[in-house]
Structure formats: structure tokens, C-alpha cells
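Colleague: My questions all concern the structure below.
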Amino acid sequence: MLEVSGLKMYHVIRKGLFGGKMYVKAVDGVDLSLDRGEAVAIVGESGSGKTTLGKTILRIYEPLDGKIVFDGRDVTHLKGKKLKEYRREVGFVQQDPYGALPPFMTVKQILEEPLKIHKLGTKEERYERICRALEEVKLTPVEDFLHKYPHMLSGGQQQRVVIARSIITDPKLVIADEPVSMLDASVRVEVLRLLESIQHRRNIGIIYITHDLSTTKYFSDRINIMYAGKILEGGPSREVIANPLHPYTRYLINALPDPDAKNRFVKRDVPPGEPPSLINPPAGCRFHPRCPFAIKGLCDSKEPGYTYVDEHHFVRCWLYGKDVE
Amino acid sequence: MLLEVEDLYLYYKTMKGVLRAVDGVSFGLEKGEALALIGESGCGKSSLARAILRLLPRNVYKYEGVIKLNGDNIMEYDDEKFRREVRWVKISYVPQEAMNALNPVIKVGEQIAEPLIIHKGMNKKEALERAAKMLELVNIPSDFLDRYPFELSGGMRQRVAIAMALVADPDVVIMDEPTSALDVLTQANIMNRIKEIRERTDITIIYITHDISVSSEIADKVAVMYAGEIVELNDAETFFAEPKHPYSKLLLYSVPTLRVDREPIYIKGAPPSLIDPPRGCRFKERCPYRFEKCDEPPPKVSVDGGFARCWLLEKG
């Protein structure tokens with residue numbers, strides 16, 4: 001349903017008054033695909049470009065290069081009415097639910113707005129739809145919530161209003177950018193279960209953008225590991241977590257504890273340094289300056305292609321052989 | 001016992017009534033022990049930290065109990081004595097989002113050295129030398145003393161905040177969610193530093209977090225807080241193998257685990273308001289094992305060296 005290839009999105013910054021333009025290469029050649037009804041996770045640290053990737057697919061940003069094909073249509077450079085139509089088919093869930101909800105609008109007004117913008121239904125039909133969406137996100141009895149303002153709701157309830165808004169126009173795809181990172185740990189699972197049930201019931205695709213690898217194991221079908229604007233590894237979630245290949249993925253998994261009293265006696269293997277600047281990212285493999293296995297004259301100059309270790313699991317790392325590109 | 005807290009209360013006066021943030025909390029810690037204080041937000045974890053440090057807002061309604069440090073009841077100290085002799089010198093603090101709490105216009109080194117000049121009467125040169133040692137302890141090159149906070153990454157600033165808390169060589173340091181805003185690798189790095197500090201010193205740590213996985217990176221003991229009360233306290237081995245209180249069990253099973261396959265569950269509902277908490281067991285509204293007795297205050301039952309407050313555990 002969604003096919004992204006070679007996607008590039010640079011943010012322009014100016015250096016000084018007379019200096020030339022500089023670019024933050026937030027998304028730098030990303031390939032991604034997603035079927036209807038599938039949940040695909042993008043996992044990365046802050047500054048890896050994962051949010052920009054989500055917003056570019058949503059076409060809040062216009063890509064610099066590459067292609068986004070949605071449902072057989074090229075949406076890469078859509079404008080005006082066509083773009084509006086595309087946006088109706090793609091929902092968005094932001095990270096900070098309180099920031100995402102206008103404080104002076106009631107839940108009903110918030111949910112009605114997208115329907116008005118897209119001129120969907122009569123007044124009665126719209127009301128029906130709003131009630132159904134609220135039921136779907138389990139904000140029931142609906143009457144209790146319709147006339148509340150965002151500040152009267154808990155963080156979990158606010159995020160459910162954001163989710164209800166994202167599905168109110170019956171999209172085929174929802175992009176959820178860190179949908180639970182602002183919520184309490186115990187509420188996270190609840191909200192993710194809700195997204196999962198919506199995904200299955202409506203058979204929609206979900207792009208789940210997160211820094212939390214452990215939730216992707218249970219709430220996504222496939223994961224993509226993103227680092228400094230590129231995807232380094234991808235495949236079925238449980239397979240990638242059980243058999244990580246890229247040194248970066250291995251570090252990530254190693255750094256994440258499971259609850260265990262023995263943890264306090266072991267130190268975790270952490271790579272030196274910090275993620276690179278995206279203004280002037282390293283040549284070759286983006287991870288090579290921090291990688292203990294980096295091969296001189298190869299990793300620091302040539303970008304690794306895709307190596308498939310089985311039908312679905314790929315890695316972009318010179319340790320796993322040849323450039324397939 | 002290095003630190004003994006007995007029947008500590010901290011209530012706030014609010015527009016809607018009296019809010020019981022810390023409601024009769026007791027625990028003890030030996031020198032060098034680390035206690036993880038876990039629970040959902042709004043259960044009084046940070047208020048407990050503030051009660052121990054006597055960092056109180058203006059609307060305090062009730063603040064009483066016993067806090068013994070090395071046998072001395074520091075609750076009896078007046079504010080001036082507490083400020084001079086306890087806070088930061090004996091009990092220090094890494095607040096939530098400490099990395100954003102650094103003064104932006106003062107060099108990192110001077111900020112770390114300040115408590116030494118104020119509390120320990122050191123001259124500036126001595127204090128800066130000691131500050132440099134502290135930076136090395138948290139794995140930051142000592143030439144960073146001359147930098148301003150904005151020149152450091154988030155993880156480094158967080159480590160600076162930890163260095164600040166340790167510089168006066170306190171007996172106890174209370175860390176409130178010190179890694180929750182950081183990336184996975186940065187967090188692991190900081191946990192490594194804290195583990196190293198524990199190997200090299202006999203500092204006692206109270207570590208507040210809602211992340212149960214992270215709590216197991218440090219805890220010798222685990223205390224679970226719910227609605228202003230500690231509902232379970234046990235050593236880490238017992239707790240992570242088999243927590244006793246239903247709330248602790250549900251908390252542990254809500255963690256998505258990477259290595260073990262176990263579908264994470266969630267706890268329905270939210271913690272009760274602390275203004276008018278339910279009578280009897282405060283968790284009963286959300287508890288799958290609730291029965292008639294839960295309307296009465298649950299007994300404190302000793303189990304495996306620790307305790308849990310739950311009618312299910314009552315013997316006989």
C-alpha cells in the first residue's frame with residue numbers, strides 16, 4: 001500500500017547573514033514499504049530523523065528526492081486539493097497529546113473539525129461518526145466526554161482523543177509518532193493495545209515511530225532501525241530482536257534491561273561517542289566512527305548496500321558481505 | 001541503619017481539600033544500600049523525596065514523622081540547622097530533569113564546586129580540584145570544568161548533575177528519574193557510571209523511577225508506592241522473581257520484555273485522588289483479587305524478609 005524509495009528530506013539552515021545555505025540531512029535515502037493492516041515500527045534515538053521521516057510521509061514536508069507511492073498513486077509532490085485528499089487518508093498521532101489538542105475546543109469540536117475540513121457527511125452523520133470514534137477509543141459513555149475540554153482529561157484520555165481524531169476520516173494509514181512516550185508506563189501498554197485493536201478492526205496500516213525497542217516487539221510486525229538519517233537494519237520484529245545483526249542494533253538491545261535482580265551487578269556495553277551531526281554526517285556507514293568492527297578503507301568511505309540474511313531480514317553493514325545495490 | 005524513616009507524613013493544603021501525598025511511610029536503609037522507589041506518577045514518590053530533603057512548598061498542611069540519619073532524628077533540626085548540616089552535605093538530590101536545572105550562565109566547574117565553598121569552607125582552588133575529580137568519576141574530561149551547560153549534550157549535563165550531588169560526599173543521594181528523558185544508550189552509560197560509583201564509594205541511594213526495568217539496574221531493595229503509601233518493600237531478588245502485592249505483580253507484568261516472551265498487560269483505571277483516597281485498601285478499585293475484607297485497611301504482612309500490605313497475604 002505504501003512504497004517509499006530513496007526518500008530524502010533536508011532541513012535548510014543558514015549559517016550567518018551572508019553564509020551560504022546548509023542542510024540538516026534528517027532523512028537521507030530511506031526505503032520503506034507497508035501493506036494494508038500491517039504495523040511497521042521506525043526505531044531510533046533522538047536526532048535520528050525518525051520524526052522527519054514520519055512527517056515527510058505525511059507530506060507535511062515536501063521531499064527533496066525519492067518517491068512516495070500510496071495506494072498506487074505517486075504522492076511525492078502533490079499540491080493543493082490532491083494533497084488535501086491524501087491527508088484525509090493518512091492519520092497522524094503526535095507525541096505530546098496536550099500540545100496536539102487545541103485547549104479552547106471541546107472533544108466534539110476537535111473531532112468534528114477534520115470532518116468539516118474534508119466536507120464529510122451532514123451534521124447528524126458527523127455526530128454519529130464522532131460517537132463511533134469515541135467508542136472505538138473506549139472513551140465511554142460518549143456523552144461524558146463530548147463536551148469536555150482537553151485539560152479536563154488525563155494524559156491517557158487526551159492521547160485517545162488524538163487517536164480518535166486520527167481515525168475520524170477513515171484513513172488507510174496512521175502515522176503514530178512516539179504515541180506513548182509522554183505517558184506513564186502502565187498507561188503505555190493500554191494505549192498501544194488500543195492502537196493495535198484499531199489496526200486489526202479497521203485493517204489499516206500503522207507506522208509506529210518510537211525510541212522504545214521493547215514495545216515494538218509486541219506492537220509491530222516489522223521494525224526498521226534508524227540511525228543518523230538512514231535505516232541500518234530491518235525485518236520481522238521478533239526476528240530482529242532475537243537475532244540483531246548490525247552492531248548498532250546489538251548495542252541498542254544490549255543497553256535495554258529486562259527486570260532482573262542480577263542487572264545491578266553487570267555493566268552494559270555502550271559504544272563510545274554520540275550520534276553524528278546531520279549537517280555533516282560521516283561518509284560511508286553512518287555508524288562507523290563509533291563501531292568497534294569498522295573496516296578501514298571500506299566502512300569509512302563506501303556506504304553498505306542491503307544484505308538479506310533471509311527473505312525479510314536485511315542489514316546494511318559491510319560485515320555481512322557484498323554491496324547488493 | 002544509616003537512614004530510618006518512620007511514619008512520615010506530608011499533606012498539602014489545596015483548593016479541593018487536603019492532599020495526602022505521603023501518608024505514613026516507613027523504611028530503613030543500611031549504608032551502601034540502594035533502594036528503588038517505583039510506582040505510577042501521582043503516587044507520592046517525588047513528594048517522599050521532598051519530605052526527606054525538607055524541600056517543601058508553601059501549602060504544607062501536615063509534615064511529621066521521624067527521619068533518623070545515623071541515629072539522629074533530623075526532623076527535630078530547625079530549618080537553618082537542616083540547611084547547614086543535612087541538605088546537600090549529608091543528603092543530596094538529583095531532581096527530575098536535572099540536566100535542565102543547571103544555571104546556564106555559570107561554568108560547569110563552578111556549579112559543581114559551589115557546595116564545597118558554601119558548606120565545607122574550601123577555597124575556590126581546592127573546590128575546583130575536587131570538582132574535576134567528580135567529573136572524572138562520571139566520565140567527563142576535567143577540562144569541561146570551564147564549559148557552560150549549553151556546550152554539553154543532555155547526557156553529559158545529567159552526569160554533571162550527578163557529580164554535583166556527590167561532590168560534598170553525602171551519606172545519601174536521592175535521584176528522581178535521573179535518566180527518563182534520555183536516549184537508550186545514554187541511559188545505559190549513566191547507569192554504568194552509577195554502578196561504578198557504587199563500587200568505589202559506600203554511598204546510599206534512593207532511586208525514584210516509574211521504569212521497572214531501569215530500577216533493576218540499581219536496586220538492592222525495591223519499595224512500591226501507591227496512593228501515598230508503600231504497599232510492598234522487599235529485596236531485589238525476591239521482588240523481581242515474585243512480587244507479593246497484586247499492584248506490584250501487575251506493574252511487573254506490564255513491562256514489555258525483550259528477552260522473555262510475555263504479552264504485557266496493563267492495569268485498568270488510574271491511581272485514586274490523594275485528596276480523598278478510598279477507605280481500606282487504596283488499590284482495591286483496580287485489583288483483580290478484591291474481596292470483602294479489602295474495605296478495611298490492609299495489614300502489613302511480613303513476607304520473605306520484607307513486607308506487603310494486602311489482605312490476601314494474611315495468614316490463618
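Residue numbering restarts at 1 in every chain; chains get A, B, ... in the order shown in the C-alpha cells, and ligands count up from 1 in that same order.
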Please list as number ranges by chain every residue within 10 Å of Leu145 in chain B, counting only C-alpha atoms and excluding residues in the same chain fewer than 4 positions away.

Modeller: B: 107-113, 128-129, 131-132, 135, 140-141, 149, 160

Colleague: Could you save the residues just selected, with C-alpha atoms, as a CSV table (one decimal), in the first residue's frame?

Modeller:
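Now in again05.csv:
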chain,number,residue,atom,x,y,z
B,107,LYS,CA,30.6,27.5,34.2
B,108,VAL,CA,30.0,23.8,35.0
B,109,GLY,CA,33.0,23.6,37.2
B,110,GLU,CA,31.9,26.5,39.4
B,111,GLN,CA,28.4,25.0,39.8
B,112,ILE,CA,29.9,21.7,41.0
B,113,ALA,CA,32.3,23.4,43.3
B,128,LEU,CA,37.6,23.2,41.7
B,129,GLU,CA,40.2,20.4,42.1
B,131,ALA,CA,35.1,19.2,41.2
B,132,ALA,CA,37.5,17.9,38.5
B,135,LEU,CA,33.7,15.0,36.7
B,140,ILE,CA,33.6,13.6,31.7
B,141,PRO,CA,37.1,15.0,30.9
B,149,PRO,CA,26.0,23.9,30.3
B,160,VAL,CA,27.1,16.9,35.8

Colleague: Which residues are close to Thr106 in chain A, i.e. within 10 Å by only C-alpha atoms, leaving aside same-chain residues fewer than 6 positions away? Reply as a list in words.

Modeller: Glu112, Phe145, Leu146, His147, Lys148, Tyr149, Pro150, His151 and Met152 of chain A

Colleague: Using DSSP assignments from the backbone, pull out every residue in range 66-149 of chain A that falls under strand (DSSP E or B) and give it to me as a ChimeraX atom specification.

Modeller: /A:66-70,73-74,90-93

Colleague: Grab the CA of Leu116 in chain B to CA of Leu166 in chain B distance for me, in Å with one decimal place.

Modeller: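 CA of Leu166 in chain B lies at a distance of 10.7 Å from CA of Leu116 in chain B.
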
Colleague: Would you list which chain A residues are within 6 Å of chain B using only C-alpha atoms, as a list in words?

Modeller: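 So the residues of chain A near chain B are Glu45, Ser186, Val189, Glu190, Ser214, Thr215, Ala255, Pro257, Asp258, Pro259, Asp260, Ala261, Asn263, Arg264 and Lys267 of chain A.
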
Colleague: Step one, run DSSP on the backbone; step two, keep only residues of range 169-255 of chain B assigned to helix (DSSP H, G or I); then write them as JSON, numbers by chain.

Modeller: {"B": [184, 185, 186, 187, 188, 189, 190, 191, 192, 193, 194, 195, 196, 197, 198, 199, 200, 212, 213, 214, 215, 236, 237, 238, 239, 240, 241, 246, 247, 248, 249, 250, 251, 252, 253]}

Colleague: List the spatial neighbours of Thr52 in chain A as a list in words - criterion: any atom at most 10 Å away, only C-alpha atoms, same-chain residues fewer than 5 positions off excluded.

Modeller: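 In the requested form, the answer reads Lys8, Met9, Tyr10, His11, Lys25, Ala26, Val27, Gly47, Ile57, Leu58, Ile60, Tyr61, Asp177 and Gly229 of chain A.
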
Colleague: Let's have the selection written as a PDB file, in the first residue's frame, with N, CA and C atoms.

Modeller:
ATOM      1  N   LYS A   8      14.571  11.481   0.523  1.00  0.00           N
ATOM      2  CA  LYS A   8      15.489  12.425   1.148  1.00  0.00           C
ATOM      3  C   LYS A   8      14.729  13.662   1.571  1.00  0.00           C
ATOM      4  N   MET A   9      14.995  14.114   2.767  1.00  0.00           N
ATOM      5  CA  MET A   9      14.384  15.348   3.236  1.00  0.00           C
ATOM      6  C   MET A   9      15.434  16.089   4.066  1.00  0.00           C
ATOM      7  N   TYR A  10      15.873  17.228   3.546  1.00  0.00           N
ATOM      8  CA  TYR A  10      16.858  18.031   4.268  1.00  0.00           C
ATOM      9  C   TYR A  10      16.180  19.285   4.813  1.00  0.00           C
ATOM     10  N   HIS A  11      16.505  19.641   6.046  1.00  0.00           N
ATOM     11  CA  HIS A  11      16.055  20.931   6.562  1.00  0.00           C
ATOM     12  C   HIS A  11      17.112  21.969   6.217  1.00  0.00           C
ATOM     13  N   LYS A  25      20.619  16.891   7.188  1.00  0.00           N
ATOM     14  CA  LYS A  25      20.166  15.755   6.379  1.00  0.00           C
ATOM     15  C   LYS A  25      19.409  14.761   7.253  1.00  0.00           C
ATOM     16  N   ALA A  26      18.177  15.141   7.598  1.00  0.00           N
ATOM     17  CA  ALA A  26      17.406  14.366   8.576  1.00  0.00           C
ATOM     18  C   ALA A  26      16.969  13.013   8.033  1.00  0.00           C
ATOM     19  N   VAL A  27      16.565  13.000   6.762  1.00  0.00           N
ATOM     20  CA  VAL A  27      16.207  11.732   6.114  1.00  0.00           C
ATOM     21  C   VAL A  27      17.037  11.666   4.851  1.00  0.00           C
ATOM     22  N   GLY A  47      17.131  12.668  17.223  1.00  0.00           N
ATOM     23  CA  GLY A  47      18.038  13.172  16.207  1.00  0.00           C
ATOM     24  C   GLY A  47      18.368  12.161  15.123  1.00  0.00           C
ATOM     25  N   ILE A  57       6.431  11.476   5.079  1.00  0.00           N
ATOM     26  CA  ILE A  57       5.460  10.542   4.512  1.00  0.00           C
ATOM     27  C   ILE A  57       4.057  11.152   4.595  1.00  0.00           C
ATOM     28  N   LEU A  58       3.797  11.869   5.672  1.00  0.00           N
ATOM     29  CA  LEU A  58       2.521  12.560   5.848  1.00  0.00           C
ATOM     30  C   LEU A  58       2.388  13.739   4.882  1.00  0.00           C
ATOM     31  N   ILE A  60       3.809  16.650   5.315  1.00  0.00           N
ATOM     32  CA  ILE A  60       3.894  17.960   5.960  1.00  0.00           C
ATOM     33  C   ILE A  60       5.116  18.636   5.362  1.00  0.00           C
ATOM     34  N   TYR A  61       6.130  17.821   5.083  1.00  0.00           N
ATOM     35  CA  TYR A  61       7.309  18.286   4.361  1.00  0.00           C
ATOM     36  C   TYR A  61       7.265  17.741   2.939  1.00  0.00           C
ATOM     37  N   ASP A 177       3.631   9.029  15.969  1.00  0.00           N
ATOM     38  CA  ASP A 177       4.980   9.466  16.310  1.00  0.00           C
ATOM     39  C   ASP A 177       5.134   9.485  17.833  1.00  0.00           C
ATOM     40  N   GLY A 229      19.640   9.426   9.961  1.00  0.00           N
ATOM     41  CA  GLY A 229      19.005   9.654   8.678  1.00  0.00           C
ATOM     42  C   GLY A 229      18.902   8.442   7.771  1.00  0.00           C
TER      43      GLY A 229
END

Colleague: For range 278-288 of chain B, find every residue with an atom within 9 Å (counting only C-alpha atoms), except residues of its own chain fewer than 4 positions away, and show them as number ranges by chain.

Modeller: B: 226-227, 229, 246-247, 267-274, 293-298, 309-311

Colleague: Write out as an NGL selection string the residues lying within 6 Å of range 9-15 of chain B, counting only C-alpha atoms and excluding same-chain residues fewer than 3 positions away.

Modeller: :B and (18-24 or 59-64)

Colleague: Deliver the residues from the most recent selection as a file, using N, CA and C atoms, as a compact mmCIF listing (two decimals), in the first residue's frame.

Modeller:
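After the write, again.txt holds the following:
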# COMPACT_ATOMS: atom_id res chain seq x y z
N VAL B 18 -7.45 18.52 51.52
CA VAL B 18 -6.11 18.13 51.94
C VAL B 18 -5.62 16.96 51.09
N LEU B 19 -4.44 17.13 50.49
CA LEU B 19 -3.90 16.11 49.61
C LEU B 19 -2.82 15.32 50.35
N ARG B 20 -3.08 14.03 50.51
CA ARG B 20 -2.17 13.20 51.32
C ARG B 20 -1.10 12.57 50.44
N ALA B 21 -0.05 13.32 50.15
CA ALA B 21 0.97 12.86 49.21
C ALA B 21 1.84 11.76 49.81
N VAL B 22 2.22 11.92 51.08
CA VAL B 22 3.00 10.89 51.76
C VAL B 22 2.21 10.56 53.02
N ASP B 23 1.77 9.31 53.14
CA ASP B 23 0.77 9.01 54.15
C ASP B 23 1.23 7.87 55.06
N GLY B 24 2.16 8.20 55.95
CA GLY B 24 2.61 7.18 56.90
C GLY B 24 3.60 6.21 56.30
N ASN B 59 2.29 25.38 50.80
CA ASN B 59 0.96 24.93 51.24
C ASN B 59 1.01 23.62 52.03
N VAL B 60 2.02 23.46 52.87
CA VAL B 60 2.09 22.23 53.66
C VAL B 60 1.02 22.25 54.75
N TYR B 61 0.29 21.14 54.88
CA TYR B 61 -0.78 21.04 55.88
C TYR B 61 -0.28 20.23 57.07
N LYS B 62 0.45 19.17 56.76
CA LYS B 62 0.94 18.31 57.84
C LYS B 62 2.29 17.77 57.40
N TYR B 63 3.30 17.91 58.25
CA TYR B 63 4.62 17.38 57.93
C TYR B 63 5.18 16.83 59.22
N GLU B 64 5.10 15.54 59.40
CA GLU B 64 5.61 14.97 60.66
C GLU B 64 6.10 13.54 60.47

Colleague: Counting only C-alpha atoms, which residues of range 139-180 of chain A sit at most 10 Å from some atom of range 117-131 of chain A, and what is each one's closest atom pair with its distance in Å to one decimal, listed by chain and rising residue number, as a Markdown table?

Modeller:
| residue | atom | partner | partner_atom | distance |
| --- | --- | --- | --- | --- |
| A:Leu139 | CA | A:Cys131 | CA | 9.3 |
| A:Thr140 | CA | A:Cys131 | CA | 9.2 |
| A:Pro141 | CA | A:Cys131 | CA | 9.5 |
| A:Val142 | CA | A:Cys131 | CA | 6.2 |
| A:Glu143 | CA | A:Cys131 | CA | 8.5 |
| A:Phe145 | CA | A:Cys131 | CA | 9.7 |
| A:Leu146 | CA | A:Cys131 | CA | 8.2 |
| A:Ala164 | CA | A:Ile130 | CA | 8.2 |
| A:Arg165 | CA | A:Ile130 | CA | 8.7 |
| A:Ile168 | CA | A:Ile130 | CA | 7.1 |
| A:Thr169 | CA | A:Leu120 | CA | 8.1 |
| A:Asp170 | CA | A:Arg129 | CA | 9.9 |

Colleague: Measure the distance from CA of Ser92 in chain B to CA of Ala308 in chain B in Å and round it to one decimal.

Modeller: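 We find that CA of Ser92 in chain B and CA of Ala308 in chain B lie 28.5 Å from each other.
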
Colleague: CA of Glu4 in chain B and CA of Ile174 in chain B are how many Å apart?

Modeller: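 For CA of Glu4 in chain B relative to CA of Ile174 in chain B, the distance reads 14.3 Å.
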